[in-house]
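The structure file work_8.cif is reproduced below (mmCIF, C-alpha atoms and all ligand atoms).
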data_coords
loop_
_atom_site.label_atom_id
_atom_site.label_comp_id
_atom_site.auth_asym_id
_atom_site.auth_seq_id
_atom_site.Cartn_x
_atom_site.Cartn_y
_atom_site.Cartn_z
CA MET B 1053 242.45 -46.49 23.44
CA VAL B 1054 242.30 -43.39 21.31
CA GLY B 1055 239.11 -41.38 21.38
CA ASN B 1056 238.06 -39.81 18.14
CA GLY B 1057 237.80 -36.10 18.82
CA ILE B 1058 235.94 -36.56 22.08
CA GLY B 1059 237.11 -33.26 23.47
CA ILE B 1060 239.32 -34.29 26.35
CA ALA B 1061 242.34 -32.60 24.78
CA ASN B 1062 240.64 -29.36 25.83
CA LEU B 1063 240.88 -30.33 29.44
CA PRO B 1064 244.29 -28.80 30.18
CA ASN B 1065 242.73 -25.46 29.33
CA GLN B 1066 240.45 -25.75 32.31
CA ARG B 1067 243.33 -24.72 34.55
CA HIS B 1068 246.37 -26.70 35.46
CA LYS B 1069 245.17 -27.87 38.85
CA LEU B 1070 243.16 -30.77 37.48
CA VAL B 1071 245.99 -32.07 35.39
CA ALA B 1072 248.24 -34.19 37.51
CA LYS B 1073 251.38 -35.51 35.89
CA ASN B 1074 249.53 -38.68 34.96
CA GLY B 1075 246.61 -36.87 33.37
CA ALA B 1076 243.18 -36.24 34.76
CA HIS B 1077 241.05 -38.69 36.67
CA PHE B 1078 237.30 -38.58 36.32
CA THR B 1079 234.61 -40.82 37.78
CA LEU B 1080 231.20 -40.90 36.22
CA MET B 1081 228.16 -42.80 37.44
CA VAL B 1082 225.04 -43.62 35.44
CA VAL B 1083 221.79 -44.50 37.17
CA GLY B 1084 218.41 -45.30 35.66
CA GLU B 1085 216.01 -48.05 34.88
CA SER B 1086 217.05 -50.92 32.66
CA GLY B 1087 217.01 -50.34 28.91
CA LEU B 1088 216.97 -46.54 29.01
CA GLY B 1089 220.18 -46.34 26.97
CA LYS B 1090 222.83 -45.83 29.68
CA SER B 1091 225.48 -48.04 28.08
CA THR B 1092 224.72 -46.64 24.64
CA TRP B 1093 225.11 -43.09 25.95
CA ILE B 1094 228.50 -43.85 27.53
CA ASN B 1095 229.72 -45.34 24.27
CA THR B 1096 228.33 -42.35 22.37
CA LEU B 1097 229.94 -39.86 24.75
CA PHE B 1098 233.40 -41.35 24.45
CA SER B 1099 232.97 -42.35 20.80
CA THR B 1100 234.12 -45.81 21.63
CA GLU B 1101 232.74 -49.10 22.90
CA LEU B 1102 233.50 -48.67 26.58
CA SER B 1103 230.49 -50.20 28.16
CA PRO B 1104 230.03 -54.00 28.19
CA PRO B 1105 230.33 -56.28 26.46
CA LYS B 1106 233.32 -54.93 24.53
CA ASN B 1107 236.68 -53.35 25.09
CA TYR B 1108 236.92 -52.41 28.71
CA ARG B 1109 240.10 -52.82 30.70
CA ALA B 1110 238.96 -53.95 34.07
CA ARG B 1111 235.60 -54.83 35.35
CA TYR B 1112 234.60 -55.38 38.90
CA THR B 1113 231.14 -56.22 40.04
CA LYS B 1114 229.97 -55.59 43.52
CA GLN B 1115 227.02 -57.93 43.77
CA MET B 1116 224.68 -57.08 46.57
CA SER B 1117 222.75 -59.86 48.26
CA ARG B 1118 219.64 -58.34 46.69
CA GLY B 1119 218.90 -55.22 44.82
CA THR B 1120 220.84 -53.05 42.43
CA GLU B 1121 224.39 -54.03 41.50
CA VAL B 1122 227.28 -51.65 41.14
CA GLU B 1123 229.52 -52.32 38.16
CA ILE B 1124 232.82 -50.55 37.74
CA MET B 1125 234.71 -50.09 34.49
CA LYS B 1126 238.04 -48.42 34.06
CA ALA B 1127 239.47 -46.99 30.88
CA GLU B 1128 242.21 -44.67 29.75
CA LEU B 1129 241.31 -42.32 26.96
CA GLU B 1130 243.97 -40.49 25.07
CA GLU B 1131 243.66 -37.55 22.75
CA ARG B 1132 246.54 -35.57 21.31
CA GLY B 1133 248.85 -36.77 24.05
CA PHE B 1134 246.45 -35.94 26.84
CA THR B 1135 245.24 -38.82 28.99
CA LEU B 1136 241.99 -39.09 30.87
CA LYS B 1137 241.74 -41.85 33.42
CA LEU B 1138 238.12 -42.70 33.44
CA THR B 1139 236.11 -44.72 35.90
CA ILE B 1140 232.55 -45.52 34.93
CA ILE B 1141 230.05 -46.91 37.36
CA GLU B 1142 226.90 -48.53 36.11
CA THR B 1143 224.05 -49.75 38.25
CA PRO B 1144 222.26 -52.73 36.67
CA GLY B 1145 219.05 -53.86 38.30
CA PHE B 1146 217.96 -50.40 39.34
CA GLY B 1147 214.18 -50.11 39.41
CA ASP B 1148 213.60 -53.86 39.21
CA TYR B 1149 212.29 -54.20 42.76
CA VAL B 1150 208.91 -53.66 44.37
CA ASP B 1151 210.55 -52.05 47.37
CA ASN B 1152 212.26 -48.88 46.12
CA ARG B 1153 214.81 -49.00 48.92
CA GLU B 1154 216.38 -52.07 47.30
CA SER B 1155 216.99 -49.99 44.20
CA TRP B 1156 218.54 -46.90 45.69
CA SER B 1157 220.24 -48.08 48.88
CA PRO B 1158 223.18 -49.95 47.21
CA ILE B 1159 223.91 -46.83 45.16
CA VAL B 1160 223.76 -44.54 48.16
CA ASP B 1161 225.92 -46.97 50.16
CA PHE B 1162 228.44 -47.07 47.33
CA LEU B 1163 228.73 -43.28 47.26
CA ASP B 1164 229.12 -43.08 51.04
CA ASP B 1165 231.68 -45.93 50.99
CA GLN B 1166 233.89 -44.03 48.54
CA HIS B 1167 233.91 -40.99 50.82
CA GLU B 1168 234.60 -43.23 53.78
CA ASN B 1169 237.54 -44.96 52.03
CA PHE B 1170 239.07 -41.66 51.06
CA MET B 1171 238.67 -40.26 54.56
CA ARG B 1172 240.39 -43.31 56.07
CA GLN B 1173 243.31 -42.89 53.68
CA GLU B 1174 243.58 -39.22 54.59
CA GLN B 1175 243.89 -40.17 58.24
CA GLN B 1176 246.91 -42.38 57.55
CA PRO B 1177 250.24 -40.85 58.55
CA HIS B 1178 251.86 -41.74 55.22
CA ARG B 1179 249.88 -40.17 52.48
CA ASN B 1180 250.77 -42.26 49.47
CA GLU B 1181 248.93 -42.16 46.18
CA LYS B 1182 245.34 -42.59 47.27
CA VAL B 1183 242.78 -44.90 45.78
CA ASP B 1184 239.99 -42.49 45.00
CA MET B 1185 236.69 -43.56 43.54
CA ARG B 1186 234.59 -40.66 44.72
CA VAL B 1187 231.99 -40.02 42.04
CA HIS B 1188 232.33 -36.63 40.31
CA ALA B 1189 229.08 -36.69 38.37
CA CYS B 1190 226.00 -38.88 38.47
CA ILE B 1191 223.85 -38.94 35.35
CA TYR B 1192 220.29 -39.87 36.24
CA PHE B 1193 218.24 -41.27 33.35
CA ILE B 1194 214.56 -40.31 33.39
CA THR B 1195 212.07 -42.46 31.45
CA PRO B 1196 210.62 -40.44 28.54
CA ASN B 1197 207.00 -41.10 29.59
CA GLY B 1198 205.79 -37.57 28.86
CA HIS B 1199 204.18 -37.19 32.28
CA SER B 1200 206.44 -36.61 35.22
CA LEU B 1201 208.96 -38.17 37.57
CA LYS B 1202 208.00 -41.44 39.20
CA PRO B 1203 208.11 -41.88 42.99
CA LEU B 1204 211.25 -44.03 42.57
CA ASP B 1205 212.95 -41.20 40.62
CA ILE B 1206 212.03 -38.68 43.30
CA GLU B 1207 213.16 -40.87 46.18
CA THR B 1208 216.44 -41.74 44.50
CA MET B 1209 217.28 -38.29 43.20
CA LYS B 1210 216.68 -36.75 46.63
CA ARG B 1211 219.26 -39.06 48.15
CA LEU B 1212 221.74 -38.74 45.32
CA GLY B 1213 221.56 -34.95 45.20
CA THR B 1214 222.90 -34.54 48.73
CA ARG B 1215 225.85 -36.84 48.03
CA VAL B 1216 227.02 -36.23 44.49
CA ASN B 1217 226.79 -33.80 41.56
CA LEU B 1218 223.46 -34.97 40.17
CA ILE B 1219 222.70 -34.35 36.50
CA PRO B 1220 219.23 -35.47 35.36
CA VAL B 1221 218.69 -36.40 31.71
CA ILE B 1222 215.66 -37.39 29.66
CA ALA B 1223 216.52 -40.66 27.94
CA LYS B 1224 215.66 -41.51 24.32
CA ALA B 1225 214.57 -38.00 23.37
CA ASP B 1226 213.91 -39.25 19.82
CA THR B 1227 210.80 -41.03 21.13
CA MET B 1228 209.10 -37.71 21.96
CA THR B 1229 208.08 -34.71 19.86
CA PRO B 1230 209.99 -31.45 20.47
CA GLN B 1231 206.86 -29.85 21.99
CA ASP B 1232 206.36 -32.80 24.32
CA ILE B 1233 209.98 -32.58 25.42
CA ILE B 1234 209.58 -28.91 26.32
CA ALA B 1235 206.47 -29.64 28.38
CA PHE B 1236 208.03 -32.70 30.00
CA LYS B 1237 211.18 -30.77 30.94
CA GLU B 1238 209.03 -28.09 32.54
CA ASN B 1239 207.14 -30.75 34.53
CA VAL B 1240 210.35 -32.37 35.71
CA ARG B 1241 211.86 -29.02 36.71
CA LYS B 1242 208.74 -28.22 38.75
CA VAL B 1243 208.89 -31.53 40.60
CA ILE B 1244 212.62 -31.10 41.23
CA ALA B 1245 211.98 -27.68 42.76
CA ALA B 1246 208.90 -28.75 44.73
CA GLN B 1247 210.63 -31.82 46.17
CA GLY B 1248 213.79 -29.92 47.07
CA ILE B 1249 215.98 -32.18 44.92
CA LYS B 1250 219.52 -30.84 44.62
CA VAL B 1251 220.91 -30.90 41.12
CA TYR B 1252 224.29 -29.78 39.84
CA VAL B 1253 224.42 -26.10 38.95
CA PRO B 1254 227.38 -24.99 36.81
CA PRO B 1255 229.32 -22.10 38.31
CA VAL B 1256 228.68 -18.63 36.93
CA ASP B 1257 231.89 -16.69 36.44
CA ALA B 1258 230.98 -13.05 37.01
CA ASP B 1259 234.22 -11.86 35.35
CA ASP B 1260 233.67 -13.80 32.17
CA GLU B 1261 230.49 -12.83 30.38
CA ALA B 1262 230.73 -15.48 27.67
CA ALA B 1263 231.35 -18.26 30.22
CA ALA B 1264 228.52 -17.00 32.42
CA GLU B 1265 226.17 -17.02 29.44
CA HIS B 1266 227.27 -20.53 28.53
CA SER B 1267 226.48 -21.69 32.08
CA GLN B 1268 223.04 -20.08 31.85
CA VAL B 1269 222.36 -21.82 28.55
CA LEU B 1270 223.40 -25.15 30.07
CA MET B 1271 221.23 -24.61 33.12
CA SER B 1272 218.16 -23.70 31.12
CA ALA B 1273 218.45 -26.98 29.18
CA MET B 1274 218.32 -29.09 32.34
CA PRO B 1275 217.10 -31.88 32.40
CA PHE B 1276 219.16 -32.58 29.27
CA SER B 1277 217.34 -34.50 26.57
CA ILE B 1278 219.62 -37.08 25.00
CA ILE B 1279 219.78 -39.42 22.06
CA GLY B 1280 222.36 -42.17 22.13
CA SER B 1281 223.77 -44.01 19.14
CA THR B 1282 227.14 -45.18 17.96
CA GLU B 1283 225.81 -45.92 14.46
CA ASP B 1284 226.71 -43.83 11.43
CA VAL B 1285 223.58 -42.98 9.45
CA THR B 1286 222.97 -40.81 6.39
CA THR B 1287 220.61 -37.83 6.65
CA THR B 1288 218.16 -36.89 3.88
CA ASP B 1289 220.60 -34.16 2.80
CA GLY B 1290 223.45 -36.66 2.53
CA ARG B 1291 225.44 -36.01 5.74
CA VAL B 1292 226.86 -38.99 7.62
CA VAL B 1293 226.18 -38.53 11.33
CA LYS B 1294 225.79 -40.46 14.56
CA GLY B 1295 222.09 -40.98 14.95
CA ARG B 1296 219.04 -43.16 14.78
CA GLN B 1297 217.39 -43.86 11.45
CA TYR B 1298 213.63 -43.63 11.12
CA ARG B 1299 211.31 -43.76 8.15
CA TRP B 1300 210.71 -40.03 8.56
CA GLY B 1301 214.42 -39.21 8.77
CA VAL B 1302 217.32 -39.26 11.20
CA ALA B 1303 217.38 -38.32 14.89
CA GLU B 1304 220.86 -36.82 15.20
CA VAL B 1305 222.91 -37.15 18.38
CA ASP B 1306 224.96 -34.02 17.72
CA ASN B 1307 222.17 -31.77 16.43
CA GLU B 1308 221.12 -29.18 19.02
CA ASP B 1309 217.67 -29.02 17.44
CA HIS B 1310 217.19 -32.70 18.15
CA CYS B 1311 218.58 -33.05 21.68
CA ASP B 1312 220.96 -31.67 24.32
CA PHE B 1313 223.70 -34.29 23.91
CA ARG B 1314 226.27 -31.65 22.89
CA LYS B 1315 225.43 -29.44 25.85
CA LEU B 1316 225.82 -32.30 28.28
CA ARG B 1317 229.12 -33.40 26.70
CA SER B 1318 230.34 -29.83 26.87
CA LEU B 1319 229.40 -29.61 30.55
CA LEU B 1320 231.08 -32.89 31.45
CA LEU B 1321 234.18 -32.99 29.30
CA ARG B 1322 234.95 -29.51 28.06
CA VAL B 1323 233.86 -26.77 30.40
CA HIS B 1324 232.97 -27.93 33.88
CA MET B 1325 234.96 -31.08 34.57
CA LEU B 1326 237.22 -29.18 36.93
CA ASP B 1327 234.24 -27.76 38.78
CA LEU B 1328 232.67 -31.22 39.04
CA VAL B 1329 235.89 -32.56 40.56
CA SER B 1330 236.34 -29.67 42.96
CA THR B 1331 232.72 -29.54 44.14
CA THR B 1332 232.91 -33.26 44.82
CA GLU B 1333 235.85 -32.53 47.11
CA GLU B 1334 234.68 -29.26 48.61
CA THR B 1335 230.94 -29.80 48.90
CA HIS B 1336 230.04 -33.48 48.92
CA TYR B 1337 233.13 -35.06 50.49
CA GLU B 1338 233.34 -32.23 52.99
CA ALA B 1339 229.68 -32.71 53.98
CA TYR B 1340 230.29 -36.41 54.52
CA ARG B 1341 233.48 -35.81 56.49
CA GLN B 1342 231.86 -33.22 58.73
CA THR B 1343 228.86 -35.41 59.49
CA GLN B 1344 231.11 -38.33 60.35
CA MET B 1345 233.43 -36.20 62.48
CA GLU B 1346 230.53 -34.84 64.45
CA THR B 1347 228.96 -38.21 65.12
CA ARG B 1348 231.80 -40.59 65.87
CA LYS B 1349 234.77 -40.75 68.09
CA PHE B 1350 238.24 -40.79 66.60
CA GLY B 1351 239.18 -44.19 65.19
CA GLU B 1352 235.67 -45.51 65.43
CA ALA B 1353 234.24 -47.35 62.46
CA LYS B 1354 231.75 -45.80 60.10
CA VAL B 1355 228.58 -44.76 61.82
CA LYS B 1356 225.96 -47.45 61.57
CA LYS B 1357 223.22 -46.71 59.10
CA LEU B 1358 220.61 -46.15 61.75
CA ASP B 1359 222.90 -43.77 63.63
CA ASN B 1360 223.82 -41.90 60.51
CA PRO B 1361 222.38 -38.39 60.80
CA LYS B 1362 221.54 -38.31 57.10
CA PHE B 1363 219.49 -41.45 57.51
CA LYS B 1364 217.93 -40.13 60.70
CA GLU B 1365 217.07 -36.93 58.89
CA GLU B 1366 215.18 -38.94 56.26
CA GLU B 1367 213.37 -40.98 58.90
CA GLU B 1368 212.48 -37.81 60.74
CA LEU B 1369 211.19 -36.25 57.54
CA LEU B 1370 209.04 -39.29 56.81
CA ARG B 1371 207.66 -39.32 60.33
CA LYS B 1372 206.87 -35.61 60.09
CA ARG B 1373 205.14 -36.05 56.76
CA PHE B 1374 203.13 -38.97 58.14
CA THR B 1375 202.07 -36.97 61.20
CA GLU B 1376 201.11 -34.06 58.99
CA GLN B 1377 199.02 -36.34 56.84
CA VAL B 1378 197.29 -37.83 59.86
CA LYS B 1379 196.58 -34.33 61.18
CA LEU B 1380 195.20 -33.30 57.84
CA GLU B 1381 192.94 -36.34 57.70
CA GLU B 1382 191.81 -35.70 61.25
CA ALA B 1383 190.97 -32.09 60.43
CA ARG B 1384 189.05 -33.25 57.38
CA PHE B 1385 187.15 -35.75 59.53
CA ARG B 1386 186.39 -33.11 62.16
CA GLN B 1387 185.09 -30.78 59.49
CA TRP B 1388 182.89 -33.50 58.12
CA GLU B 1389 181.65 -34.32 61.62
CA GLN B 1390 180.80 -30.63 62.22
CA HIS B 1391 178.97 -30.59 58.94
CA LEU B 1392 176.94 -33.65 59.96
CA ILE B 1393 176.10 -32.15 63.35
CA ALA B 1394 175.00 -28.89 61.73
CA GLU B 1395 172.89 -30.85 59.24
CA ARG B 1396 171.30 -32.88 62.06
CA ASP B 1397 170.52 -29.69 64.02
CA ARG B 1398 169.01 -28.13 60.92
CA LEU B 1399 166.83 -31.20 60.31
CA ASN B 1400 165.77 -31.29 63.99
CA LYS B 1401 164.84 -27.65 63.80
CA ASP B 1402 162.87 -28.27 60.60
CA LEU B 1403 161.17 -31.20 62.29
CA GLU B 1404 160.36 -29.09 65.31
CA ASN B 1405 158.99 -26.34 63.08
CA ALA B 1406 156.91 -28.91 61.23
CA HIS B 1407 155.59 -30.28 64.54
CA SER B 1408 154.67 -26.89 65.81
CA ALA B 1409 152.99 -26.08 62.46
CA ILE B 1410 151.00 -29.35 62.79
CA ARG B 1411 150.11 -28.50 66.38
CA GLN B 1412 149.03 -25.07 65.23
CA LEU B 1413 146.91 -26.61 62.47
CA GLU B 1414 145.38 -29.15 64.87
CA ALA B 1415 144.48 -26.34 67.29
CA GLU B 1416 142.89 -24.43 64.45
CA VAL B 1417 140.93 -27.54 63.36
CA ASP B 1418 139.77 -28.08 66.98
CA ALA B 1419 138.73 -24.45 67.25
CA LEU B 1420 136.83 -24.73 63.96
CA ASN B 1421 135.13 -28.00 65.08
CA SER B 1422 133.96 -26.55 68.38
CA TYR B 1423 132.70 -23.42 66.59
CA GLN B 1424 130.77 -25.58 64.11
CA ARG B 1425 129.37 -27.71 66.91
CA SER B 1426 128.19 -24.60 68.70
CA GLN B 1427 126.48 -23.53 65.47
CA GLY B 1428 124.98 -27.05 65.08
CA THR B 1429 126.50 -27.43 61.63
CA VAL B 1430 128.86 -30.40 62.24
CA GLY B 1431 128.39 -33.16 59.70
CA ARG B 1432 125.76 -31.20 57.78
CA ARG B 1433 126.37 -29.57 54.50
P1 LIG S 1501 220.69 -51.92 31.03
O1 LIG S 1501 222.15 -52.14 30.91
O2 LIG S 1501 219.87 -53.13 30.83
O3 LIG S 1501 220.30 -51.20 32.28
O4 LIG S 1501 220.23 -50.97 29.80
P2 LIG S 1501 220.91 -49.62 29.35
O5 LIG S 1501 220.27 -48.50 30.06
O6 LIG S 1501 222.38 -49.73 29.40
O7 LIG S 1501 220.40 -49.53 27.83
P3 LIG S 1501 221.19 -49.85 26.50
O8 LIG S 1501 222.22 -48.82 26.23
O9 LIG S 1501 221.63 -51.26 26.52
O10 LIG S 1501 220.02 -49.64 25.44
C1 LIG S 1501 218.83 -50.37 25.48
C2 LIG S 1501 218.14 -50.28 24.11
O11 LIG S 1501 217.73 -48.95 23.86
C3 LIG S 1501 219.04 -50.66 22.95
O12 LIG S 1501 218.25 -51.34 22.01
C4 LIG S 1501 219.51 -49.34 22.38
O13 LIG S 1501 219.79 -49.39 21.00
C5 LIG S 1501 218.28 -48.47 22.63
N1 LIG S 1501 218.64 -47.05 22.80
C6 LIG S 1501 219.70 -46.54 23.44
N2 LIG S 1501 219.69 -45.19 23.37
C7 LIG S 1501 218.58 -44.86 22.67
C8 LIG S 1501 218.02 -43.60 22.27
O14 LIG S 1501 218.53 -42.52 22.52
N3 LIG S 1501 216.85 -43.64 21.56
C9 LIG S 1501 216.23 -44.81 21.25
N4 LIG S 1501 215.10 -44.75 20.56
N5 LIG S 1501 216.74 -46.00 21.62
C10 LIG S 1501 217.90 -46.04 22.33
MG MG S 1502 223.71 -51.16 30.20
#

Before anything else, please render the file you have as structure tokens.
Amino acid sequence: MVGNGIGIANLPNQRHKLVAKNGAHFTLMVVGESGLGKSTWINTLFSTELSPPKNYRARYTKQMSRGTEVEIMKAELEERGFTLKLTIIETPGFGDYVDNRESWSPIVDFLDDQHENFMRQEQQPHRNEKVDMRVHACIYFITPNGHSLKPLDIETMKRLGTRVNLIPVIAKADTMTPQDIIAFKENVRKVIAAQGIKVYVPPVDADDEAAAEHSQVLMSAMPFSIIGSTEDVTTTDGRVVKGRQYRWGVAEVDNEDHCDFRKLRSLLLRVHMLDLVSTTEETHYEAYRQTQMETRKFGEAKVKKLDNPKFKEEEELLRKRFTEQVKLEEARFRQWEQHLIAERDRLNKDLENAHSAIRQLEAEVDALNSYQRSQGTVGRR
């Protein structure tokens, strides 16, 4: 399969380490609700029909008893003699369930399983060519609703961010105005920061000013707005481009004024692929390995979910948040109770004052009556 100028021929420039004798190997995962344009984006990125139904080499579906599926496609892309072995993982069914856990847990399990498989192979005395499906980048598709992230997005992204290089994108950017995209991005960034979601940050090379600036530009565009299309369309000024035709004109995939598709492609395939591969090894795999080493005896099977410290951490966090909420409610109730007591005391005092005023008045009336009687004027006017 020959990609049409997709940029992978630039990969050897990223340093020789990545380039094994058989070419580079890259695993990409796409996650997001159904119909957000995941398959279209993959096909747009590699300028070829990779995603089902056409033209993929091998397809393997890991069907879970319920919940999200994990679908694996493999392809070899070649450009000017350079080969990229690509594994693409799609996750159909994500977001289709009432219980969010059914959406994210198969994905999280899949990521952990890949680390587990690799670790087991590393422990073998004969280190042959390893089967390695550790995910190097996970593109998370956000619905372009113009408001903010949904609870399912937050829950899922939190879990993904600690396991994989997470790259959030705003799907179907052509359905929003440029101003709305700016505001939406800002909203999403705020939620990401407030919720402590870990997203991939490109490395900043202090010795290379141009590269450092490029990284900054990429970072400031996050979450990347994207338009996907494999269709050739003609712009009003006569250019033929990949894009989506509207009555008002063309939304262009490759136009930086229309979306961040180019920036994201540059990050993934041109500039930071090596970093994505090495951080997967050094940060995410290492974190998994360490956790497992600390919590199980040698030779023991993978730690059960409930014993898994990561899982425990989440449970603990939930419990803490729940307790905090209960405390907060209790404090609010106490405050309200105090307010009621104070109000009751105030009313009692008012009542008491009123009684004593009445008593005072009655005494004065009595005094007046007895005075009038003594003067013989009662009842006479
Ligand atoms: P599932 O496989 O069902 O999860 O969907 P998906 O996320 O793979 O979406 P897919 O690529 O199949 O696209 C769904 C629909 O959205 C198709 O009609 C696409 O043409 C359309 N679409 C894809 N990308 C874009 C985009 O950037 N903008 C707009 N407006 N439509 C898009
Ligand atoms: Mg699809």

Quiz item: Which of these, B:Val1256, B:Ile1410, B:Ile1393, B:Ile1279, has the shortest distance to His1324 in chain B once you count all atoms listed in the file?
Solution: B:Val1256

Self-check item: One-decimal distance in Å that lies between CA of Leu1328 in chain B and CA of Leu1212 in chain B
Solution: 14.7 Å

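CA of Val1183 in chain B lies 10.9 Å from CA of His1167 in chain B.
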
Exercise. Write as a count of residues only the residues around ligand LIG 1501 (chain S), taking 7 Å as the cut-off and counting only C-alpha atoms and all ligand atoms.
Key: 21

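Take the candidates B:Asn1095, B:Thr1335, B:Thr1282, B:Thr1195 and check each one against ligand MG 1502 (chain S) using only C-alpha atoms and all ligand atoms; the shortest distance goes to B:Asn1095.
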
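The smallest atom-to-atom distance between Arg1299 in chain B and any of B:Ile1159, B:Phe1385, B:Tyr1340, B:Thr1287, using only C-alpha atoms, is found for B:Thr1287.
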
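Straight-line separation from CA of Gln1166 in chain B to CA of Val1323 in chain B: 25.0 Å.
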
Practice problem: Please provide as an MDAnalysis selection string all residues within 9 Å of range 1170-1173 of chain B, with the sequence filter that same-chain residues fewer than 5 positions apart are discarded (counting all atoms listed in the file). | Solution: chainID B and resid 1165 1178:1180 1182:1186 1337 1341
